[in-house]
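Following: one structure in C-alpha cells, then a few remarks.
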Amino acid sequence: MSIDVLSPADEPESDPGTDELLRVDRLRIRYRAGDGPVTALDGASLTVRRGEVVALVGESGSGKSTLAHAMIGLLGDTGDITGGTITFAGRRVDTGSERALRRLRGLQVGFVPQDPGLSLNPVRRIGDQVAEALRVHRLDDRHGALARATELLSEVGLDRPELRATQYPHELSGGQRQRVLIAIALACGPDLIIADEPTSALDATVARRVLDRLAERTAARGTAVLLITHDLAMAAERADRLVVLRAGSVVETGRTAEVLGKPRHPYTRQLLGAAPALTSPDVARRAAVLDGSPLLTVRDVHKLFRTGSGSTVTAVDGVDFELGRGETLSLVGESGSGKSTTARIVMRLTDPDRGEVVFDGQELTRARAGRLRALRRRFQVVYQNPYSSLDPRLRVGSVIEEPLRAYGIGNRKARQERVAELLEQVALPATYARRRPAELSGGQRQRVAIARALALRPELLVLDEPVSALDASVQAQILELLDELQTELRLSYLFISHDLAVVRRISDRVAVMRYGRIVESGTTAEIFGNPRHDYTRELLAAIPKPAFTVHIPPETTSGPDTAGLS
C-alpha cells in the first residue's frame with residue numbers, strides 16, 4: 001500500500017547517532033528490454049556522510065547514473081529494484097510513495113544533471129525555472145521566489161543576476177547554464193547534492209569556477225555531495241572518498257588518497273592508467289616533421305554575429321594559422337573563445353566576413369557549388385556527442401555507407417565491402433554493421449562516427465571535442481585509434497578540445513584562443529612547458545591537481561572497447 005512519507009528503515013545498518021546521511025545497501029536493479037532483462041546494478045553499496053564529498057567513478061555503462069536516479073526515484077518505467085535498500089536520513093527511499101519522493105527531490109536532495117542544454121526548459125526564463133523549486137515546495141510565494149532566484153544566481157557566480165533571471169537558456173553559455181542548474185539544486189537548501197557529470201562539457205577554467213562555487217555553497221551549509229564523474233583527476237582533487245563502480249558492482253572504495261595512492265583492484269589501476277590528466281608525461285609529444293606546403297592555411301579570418309537585440313558579437317577576430325600534412329593542431333580556449341566558429345569556417349559551414357581559407361592551394365571561401373562539393377570529399381568532421389551525431393533509425397552499416405551513396409561511389413556490393421573495411425580500421429567487428437546506434441556503447445558509437453568520416457578517404461579531419469563525452473578508459477582507446485589512423489593514412493587533424501590533458505596527449509602544436517583571437521601558439525612542449533601568455537598560464541593552472549601522489553601502475557592498458565549498452 002502506498003504511503004505519503006518515506007518509510008523508516010526496517011533494520012538500520014548504522015548507529016542513529018552517526019552522521020551518515022545516505023546508505024545504499026546491496027542494491028540490485030534491472031531494466032526490462034525487448035531481448036530480456038538487463039542487470040544495471042548487481043549488489044552495489046555506498047554511504048555518504050553529512051558534509052562529505054564522495055566521488056562515484058567508473059566507465060560508461062557501469063551503472064553510475066542508474067544508481068543516482070534510483071536514489072531520487074527516477075528510474076523510469078522499465079527499471080526495477082530487485083534487491084537491496086536505499087536509506088536517506090534514516091528513512092527508506094526505495095519503498096517510498098511517489099508523493100514522498102517528489103518532496104524528497106529538491107527539498108532534501110538536489111540534483112545537478114549532466115547536460116544543461118537538455119535539462120533547462122528552452123521557452124521559460126531562467127529566473128522562473130530557479131524559482132519553481134521554491135514554489136513547488138511552498139517555501140515562498142511568486143514574488144519572493146523570484147527575488148530569491150536572483151540571489152541564488154548571484155551566489156553561484158553569475159554576473160548581472162537580474163539580467164540573467166530574465167534571459168532564456170539559449171542566451172547563456174554552457175558554463176552559465178550549468179551554474180543555473182546548480183542554483184536550482186541549491187534553492188531549497190538540501191542536505192545532499194547529487195551532481196551527475198556536472199562539468200564534462202565545460203572547459204578547464206569554467207569547470208574550476210563552477211566546482212569552486214558548488215564547494216563554497218555546500219561547505220557553508222554542511223551539505224554533502226555525491227559527485228558522479230569519469231574525470232579521475234577532478235575526483236582526486238575534490239573528493240574525500242572514492243567509490244569505483246564496474247559492471248554494476250562496487251569493486252573498490254575508501255579515502256581518495258588511499259584508493260588512488262595504492263589502488264588494490266585491477267580495474268582501478270586500469271582507470272588510473274587511462275586518465276590523461278594523471279598520466280601526461282613530463283615531456284609532451286614531439287611535433288611532427290613537416291614537409292612541403294601546408295595542407296590548410298587560415299589567413300586573417302573575421303566573423304561577427306548579430307544578436308536578437310540588433311547588437312553584434314565578435315566570434316572570430318583575425319585568426320591565422322597553418323596545418324601541415326600528417327600534423328595535429330589543437331585549438332584550445334574557454335567556451336565562447338571562437339574555437340568551434342573557426343572550425344565551421346574551415347569546413348565552409350559558416351562563411352567568414354573577411355579573410356581566406358586555403359585548402360591544398362585552393363581558396364575555399366570563394367569556392368561555389370560543384371567545386372566546393374568536390375573539395376568537401378577531402379575534409380570531414382567528427383562531432384562531440386556520439387549519441388546525437390548518428391541517426392538512431394539507421395543500422396551502423398547504413399550510417400557509414402551514407403557518404404558513399406551521397407557521392408555515388410561504387411555499387412551496393414562495393415559499398416558494403418568498404419563498410420566492412422572501415423569497421424576493421426576502427427577496430428569493430430564487421431557484424432556491427434547490422435546493429436543500431438542504441439545497441440552500442442559510447443566509445444563504439446564514436447568509432448562508428450570516425451569510420452563514417454573516413455569513408456571518402458579524406459586528408460583532413462576536424463575533430464570537435466571528440467572524446468569529451470567519453471569516460472577516461474574509452475577516451476584513451478579513441479585517442480590511440482586516432483594516432484594509429486593518422487600514421488596509417490597520413491591524416492591531418494584540427495583538434496578542438498577544452499580538455500588540456502587530452503590536448504597534450506594528442507597534439508603536435510597548440511593554438512590558444514581567447515575572445516576570437518589566437519593569443520599564443522607553438523609546439524605542445526612549448527605551450528605546456530613554457531607558456532608566455534597570462535591566459536595560457538591561467539588555463540594550465542585550472543587543470544585539476546591532487547594534493548597527494550597518484551600511483552600510476554606500470555604497463556596499464558585500457559583494453560578494447562567492448563562494453564555493452566551505455
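By convention here, the chains of the C-alpha cells are called A, B, ... in the order presented, each chain's residues are numbered starting at 1, and ligands are numbered starting at 1 in the order presented.
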Contacts of stretch 364-370 of chain A within 9 Å, only C-alpha atoms, excl. fewer than 5 positions in-chain, as a short mmCIF file (atom, residue, chain, number, x, y, z; two decimals) with C-alpha atoms, in the first residue's frame:
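Once everything was written out, this is around.cif:
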```cif
data_model
loop_
_atom_site.label_atom_id
_atom_site.label_comp_id
_atom_site.auth_asym_id
_atom_site.auth_seq_id
_atom_site.Cartn_x
_atom_site.Cartn_y
_atom_site.Cartn_z
CA ILE A 345 34.61 28.42 -41.22
CA VAL A 346 37.34 25.91 -42.13
CA MET A 347 34.63 23.42 -43.15
CA ARG A 348 32.73 26.13 -45.07
CA ASP A 351 31.20 31.98 -44.24
CA PRO A 352 33.72 34.47 -42.82
CA GLY A 355 39.84 36.63 -44.64
CA GLU A 356 40.50 33.42 -46.53
CA VAL A 357 40.83 29.68 -46.02
CA VAL A 358 43.16 27.82 -48.40
CA PHE A 359 42.99 24.02 -48.62
CA LEU A 375 36.66 19.71 -52.13
#
```
Which residues come within 7 Å of A:Gly58, counting only C-alpha atoms, excluding same-chain residues fewer than 2 positions away, as a ChimeraX atom specification?
/A:60,62,230,244-246
Closest to A:Val53 among A:Arg28, A:Arg241, A:Arg124, A:Arg99, using only C-alpha atoms?
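For A:Val53, the nearest of the given residues is A:Arg241.
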Compile the contact shell of A:Val512 as a PyMOL selection string: residues with an atom at most 9 Å away, counting only C-alpha atoms, same-chain residues fewer than 2 positions apart removed.
chain A and resi 330-333+510+514+517-521+527+535-536
Residues as selected, N, CA and C atoms, written as a tab-separated table (two decimals), in the first residue's frame, can you do that?
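Listing of result-v8.tsv after writing:
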```tsv
chain	number	residue	atom	x	y	z
A	330	SER	N	45.88	21.65	-32.29
A	330	SER	CA	44.74	21.78	-31.38
A	330	SER	C	44.41	23.24	-31.13
A	331	LEU	N	43.12	23.56	-31.17
A	331	LEU	CA	42.62	24.87	-30.76
A	331	LEU	C	42.03	24.73	-29.37
A	332	VAL	N	42.53	25.51	-28.42
A	332	VAL	CA	42.03	25.44	-27.05
A	332	VAL	C	41.63	26.83	-26.60
A	333	GLY	N	40.78	26.87	-25.59
A	333	GLY	CA	40.30	28.13	-25.05
A	333	GLY	C	38.96	27.92	-24.37
A	510	VAL	N	49.82	23.62	-30.63
A	510	VAL	CA	48.64	24.11	-29.93
A	510	VAL	C	48.49	25.60	-30.20
A	514	ARG	N	41.35	33.23	-27.34
A	514	ARG	CA	40.60	34.00	-26.35
A	514	ARG	C	39.93	35.17	-27.04
A	517	ARG	N	40.56	35.57	-30.79
A	517	ARG	CA	41.93	35.74	-31.29
A	517	ARG	C	42.83	34.62	-30.78
A	518	ILE	N	43.86	34.31	-31.54
A	518	ILE	CA	44.90	33.40	-31.06
A	518	ILE	C	45.92	34.23	-30.29
A	519	VAL	N	46.01	33.97	-28.98
A	519	VAL	CA	46.90	34.77	-28.14
A	519	VAL	C	48.28	34.14	-28.00
A	520	GLU	N	48.38	32.83	-28.31
A	520	GLU	CA	49.67	32.16	-28.23
A	520	GLU	C	49.59	30.86	-29.01
A	521	SER	N	50.67	30.52	-29.69
A	521	SER	CA	50.73	29.23	-30.39
A	521	SER	C	52.17	28.74	-30.37
A	527	ILE	N	54.08	25.15	-25.29
A	527	ILE	CA	52.88	25.70	-24.64
A	527	ILE	C	52.74	25.18	-23.21
A	535	TYR	N	46.99	34.28	-20.08
A	535	TYR	CA	45.78	33.47	-20.23
A	535	TYR	C	46.12	31.99	-20.38
A	536	THR	N	47.20	31.68	-21.10
A	536	THR	CA	47.64	30.29	-21.22
A	536	THR	C	48.01	29.74	-19.85
```
Which residues, written as a ChimeraX atom specification, have at least one atom at most 10 Å from A:Met234, with only C-alpha atoms counted and residues fewer than 4 positions away on the same chain left out?
/A:55,199,207-208,211,227,229-230,238-239,277-278,543-546
Output file for the residues above (N, CA and C atoms, as a CSV table (one decimal), in the first residue's frame):
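Result went into part.csv, see below:
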```csv
chain,number,residue,atom,x,y,z
A,55,ALA,N,33.0,10.8,-4.5
A,55,ALA,CA,33.0,10.7,-5.9
A,55,ALA,C,32.7,9.2,-6.4
A,199,THR,N,30.6,18.9,-15.1
A,199,THR,CA,31.5,19.7,-15.8
A,199,THR,C,32.0,19.1,-17.1
A,207,ALA,N,35.0,25.0,-15.6
A,207,ALA,CA,34.8,23.9,-14.7
A,207,ALA,C,35.3,24.2,-13.3
A,208,ARG,N,36.5,24.7,-13.2
A,208,ARG,CA,37.0,25.0,-11.9
A,208,ARG,C,36.1,26.1,-11.1
A,211,LEU,N,32.9,24.3,-10.0
A,211,LEU,CA,33.1,23.4,-8.9
A,211,LEU,C,33.5,24.2,-7.6
A,227,LEU,N,29.4,13.2,-6.2
A,227,LEU,CA,29.9,13.6,-7.4
A,227,LEU,C,30.1,12.5,-8.4
A,229,THR,N,31.4,11.1,-11.9
A,229,THR,CA,32.3,11.7,-12.9
A,229,THR,C,33.1,10.6,-13.5
A,230,HIS,N,33.5,10.8,-14.8
A,230,HIS,CA,34.6,10.0,-15.4
A,230,HIS,C,35.9,10.6,-15.3
A,238,ARG,N,38.8,16.8,-5.7
A,238,ARG,CA,37.6,17.3,-5.0
A,238,ARG,C,37.1,16.4,-3.9
A,239,ALA,N,37.3,15.1,-4.0
A,239,ALA,CA,36.5,14.1,-3.2
A,239,ALA,C,37.2,13.7,-1.9
A,277,ALA,N,44.9,13.2,-17.6
A,277,ALA,CA,45.3,14.3,-16.7
A,277,ALA,C,46.3,13.8,-15.6
A,278,LEU,N,46.2,12.5,-15.3
A,278,LEU,CA,47.1,11.9,-14.3
A,278,LEU,C,48.3,11.3,-14.9
A,543,ILE,N,43.9,23.0,-14.5
A,543,ILE,CA,43.9,21.6,-14.6
A,543,ILE,C,43.9,21.0,-13.2
A,544,PRO,N,43.0,20.1,-12.9
A,544,PRO,CA,43.0,19.5,-11.5
A,544,PRO,C,44.3,18.9,-11.1
A,545,LYS,N,44.6,19.2,-9.8
A,545,LYS,CA,45.9,18.7,-9.3
A,545,LYS,C,45.7,18.1,-7.9
A,546,PRO,N,45.8,16.8,-7.8
A,546,PRO,CA,45.6,16.2,-6.5
A,546,PRO,C,46.6,16.6,-5.5
```
DSSP on the backbone, then: every residue of stretch 163-401 of chain A marked helix (DSSP H, G or I), written as a PyMOL selection string.
chain A and resi 163-166+169-171+174-186+204-221+232-238+256-261+266-274+276-279+339-346+369-376+396-401
6 Å contact set for stretch 110-121 of chain A, only C-alpha atoms, chain neighbours under 3 positions out, as a PyMOL selection string
chain A and resi 106+124+177-178+181-182+185+190+193-198
Find the spatial neighbours of stretch 139-149 of chain A, counting only C-alpha atoms, within a cut-off of 6 Å - ignore same-chain residues fewer than 6 positions away - and output them as a list in words.
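My reading of the contact set: Gly127, Val130 and Ala131 of chain A.
Of the residues listed (A:Pro531, A:Gly222, A:Pro37, A:Pro437), A:Pro437 shows the shortest atom-to-atom separation from A:Ser398; distances use only C-alpha atoms.
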Among the residues of stretch 192-294 of chain A, find those DSSP assigns to strand (DSSP E) from the backbone and print them as a list in words.
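Those in stretch 192-294 of chain A that DSSP calls strand (DSSP E) are Leu192, Ile193, Ile194, Ala195, Asp196, Ala224, Val225, Leu226, Leu227, Ile228, Thr229, Arg241, Leu242, Val243, Val244, Leu245, Arg246, Ser249, Val250, Val251, Glu252, Thr253, Gly254 and Arg255 of chain A.
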Keeping only N, CA and C atoms, write the selected residues to a file as a PDB file, in the first residue's frame.
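Saved to out03.pdb:
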```pdb
ATOM      1  N   LEU A 192      21.751  16.991   0.620  1.00  0.00           N
ATOM      2  CA  LEU A 192      22.625  16.259  -0.290  1.00  0.00           C
ATOM      3  C   LEU A 192      22.461  16.802  -1.701  1.00  0.00           C
ATOM      4  N   ILE A 193      23.578  17.011  -2.383  1.00  0.00           N
ATOM      5  CA  ILE A 193      23.581  17.357  -3.808  1.00  0.00           C
ATOM      6  C   ILE A 193      24.148  16.171  -4.580  1.00  0.00           C
ATOM      7  N   ILE A 194      23.402  15.682  -5.565  1.00  0.00           N
ATOM      8  CA  ILE A 194      23.910  14.663  -6.484  1.00  0.00           C
ATOM      9  C   ILE A 194      24.258  15.376  -7.784  1.00  0.00           C
ATOM     10  N   ALA A 195      25.523  15.388  -8.137  1.00  0.00           N
ATOM     11  CA  ALA A 195      25.997  16.089  -9.334  1.00  0.00           C
ATOM     12  C   ALA A 195      26.478  15.055 -10.343  1.00  0.00           C
ATOM     13  N   ASP A 196      25.714  14.883 -11.430  1.00  0.00           N
ATOM     14  CA  ASP A 196      25.993  13.849 -12.428  1.00  0.00           C
ATOM     15  C   ASP A 196      26.786  14.469 -13.581  1.00  0.00           C
ATOM     16  N   ALA A 224      26.220  17.602   1.888  1.00  0.00           N
ATOM     17  CA  ALA A 224      27.014  16.519   1.318  1.00  0.00           C
ATOM     18  C   ALA A 224      26.885  16.548  -0.203  1.00  0.00           C
ATOM     19  N   VAL A 225      27.901  16.030  -0.887  1.00  0.00           N
ATOM     20  CA  VAL A 225      27.897  15.991  -2.349  1.00  0.00           C
ATOM     21  C   VAL A 225      28.266  14.584  -2.810  1.00  0.00           C
ATOM     22  N   LEU A 226      27.447  14.027  -3.703  1.00  0.00           N
ATOM     23  CA  LEU A 226      27.810  12.799  -4.413  1.00  0.00           C
ATOM     24  C   LEU A 226      28.158  13.218  -5.829  1.00  0.00           C
ATOM     25  N   LEU A 227      29.429  13.156  -6.165  1.00  0.00           N
ATOM     26  CA  LEU A 227      29.948  13.637  -7.441  1.00  0.00           C
ATOM     27  C   LEU A 227      30.145  12.452  -8.376  1.00  0.00           C
ATOM     28  N   ILE A 228      29.333  12.378  -9.428  1.00  0.00           N
ATOM     29  CA  ILE A 228      29.438  11.298 -10.403  1.00  0.00           C
ATOM     30  C   ILE A 228      30.258  11.807 -11.578  1.00  0.00           C
ATOM     31  N   THR A 229      31.374  11.145 -11.861  1.00  0.00           N
ATOM     32  CA  THR A 229      32.277  11.691 -12.868  1.00  0.00           C
ATOM     33  C   THR A 229      33.126  10.595 -13.501  1.00  0.00           C
ATOM     34  N   ARG A 241      36.141  10.851  -0.362  1.00  0.00           N
ATOM     35  CA  ARG A 241      36.178   9.401  -0.552  1.00  0.00           C
ATOM     36  C   ARG A 241      35.820   9.071  -1.997  1.00  0.00           C
ATOM     37  N   LEU A 242      36.250   7.883  -2.433  1.00  0.00           N
ATOM     38  CA  LEU A 242      36.072   7.444  -3.803  1.00  0.00           C
ATOM     39  C   LEU A 242      35.366   6.093  -3.798  1.00  0.00           C
ATOM     40  N   VAL A 243      34.398   5.946  -4.709  1.00  0.00           N
ATOM     41  CA  VAL A 243      33.720   4.672  -4.905  1.00  0.00           C
ATOM     42  C   VAL A 243      33.893   4.298  -6.369  1.00  0.00           C
ATOM     43  N   VAL A 244      34.494   3.140  -6.641  1.00  0.00           N
ATOM     44  CA  VAL A 244      34.768   2.705  -8.006  1.00  0.00           C
ATOM     45  C   VAL A 244      33.737   1.651  -8.396  1.00  0.00           C
ATOM     46  N   LEU A 245      32.991   1.931  -9.452  1.00  0.00           N
ATOM     47  CA  LEU A 245      31.902   1.057  -9.898  1.00  0.00           C
ATOM     48  C   LEU A 245      32.280   0.415 -11.219  1.00  0.00           C
ATOM     49  N   ARG A 246      32.045  -0.894 -11.310  1.00  0.00           N
ATOM     50  CA  ARG A 246      32.305  -1.599 -12.568  1.00  0.00           C
ATOM     51  C   ARG A 246      31.200  -2.630 -12.797  1.00  0.00           C
ATOM     52  N   SER A 249      28.785  -3.233  -9.994  1.00  0.00           N
ATOM     53  CA  SER A 249      29.265  -3.618  -8.670  1.00  0.00           C
ATOM     54  C   SER A 249      30.368  -2.674  -8.206  1.00  0.00           C
ATOM     55  N   VAL A 250      30.405  -2.398  -6.905  1.00  0.00           N
ATOM     56  CA  VAL A 250      31.488  -1.590  -6.332  1.00  0.00           C
ATOM     57  C   VAL A 250      32.696  -2.494  -6.154  1.00  0.00           C
ATOM     58  N   VAL A 251      33.802  -2.153  -6.821  1.00  0.00           N
ATOM     59  CA  VAL A 251      34.996  -3.002  -6.748  1.00  0.00           C
ATOM     60  C   VAL A 251      36.038  -2.444  -5.783  1.00  0.00           C
ATOM     61  N   GLU A 252      35.927  -1.157  -5.438  1.00  0.00           N
ATOM     62  CA  GLU A 252      36.890  -0.571  -4.504  1.00  0.00           C
ATOM     63  C   GLU A 252      36.310   0.717  -3.948  1.00  0.00           C
ATOM     64  N   THR A 253      36.547   0.956  -2.661  1.00  0.00           N
ATOM     65  CA  THR A 253      36.090   2.200  -2.042  1.00  0.00           C
ATOM     66  C   THR A 253      37.016   2.546  -0.884  1.00  0.00           C
ATOM     67  N   GLY A 254      37.097   3.831  -0.562  1.00  0.00           N
ATOM     68  CA  GLY A 254      37.946   4.263   0.541  1.00  0.00           C
ATOM     69  C   GLY A 254      38.289   5.735   0.415  1.00  0.00           C
ATOM     70  N   ARG A 255      39.146   6.210   1.306  1.00  0.00           N
ATOM     71  CA  ARG A 255      39.617   7.585   1.213  1.00  0.00           C
ATOM     72  C   ARG A 255      40.288   7.778  -0.148  1.00  0.00           C
TER      73      ARG A 255
END
```
Using only C-alpha atoms, which protein or nucleic acid residues come within 12 Å of A:Leu104? Drop anything in the same chain fewer than 4 positions from it, and give the result as a PyMOL selection string.
chain A and resi 4-6+71-74+87-89+91-94+96-100+108-111+133+136-137+188-193
Using only C-alpha atoms, can you tell me which of A:Phe528, A:Tyr387, A:Phe379, A:Tyr432 comes closest to A:Ser492?
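Going through A:Phe528, A:Tyr387, A:Phe379, A:Tyr432 one by one, the smallest distance to A:Ser492 is for A:Phe379.
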Between atom CA of A:Leu349 and atom CA of A:Arg490, what is the distance, to one decimal in Å?
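Going from atom CA of A:Leu349 over to atom CA of A:Arg490 covers 24.4 Å.
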Calculated over only C-alpha atoms, which of the candidates A:Pro458, A:Gly174, A:Pro466, A:Gly397 has the smallest distance to A:Gln380?
A:Pro458
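Remark: for A:Ala501, the closest of the candidate residues A:Ala469, A:Ala233, A:Ala438, A:Leu101 is A:Ala233 (distances computed over only C-alpha atoms).
Distances here use only C-alpha atoms; by that measure, the residue among A:Asp360, A:Glu538, A:Asp464, A:Glu480 closest to A:Glu334 is A:Glu538.
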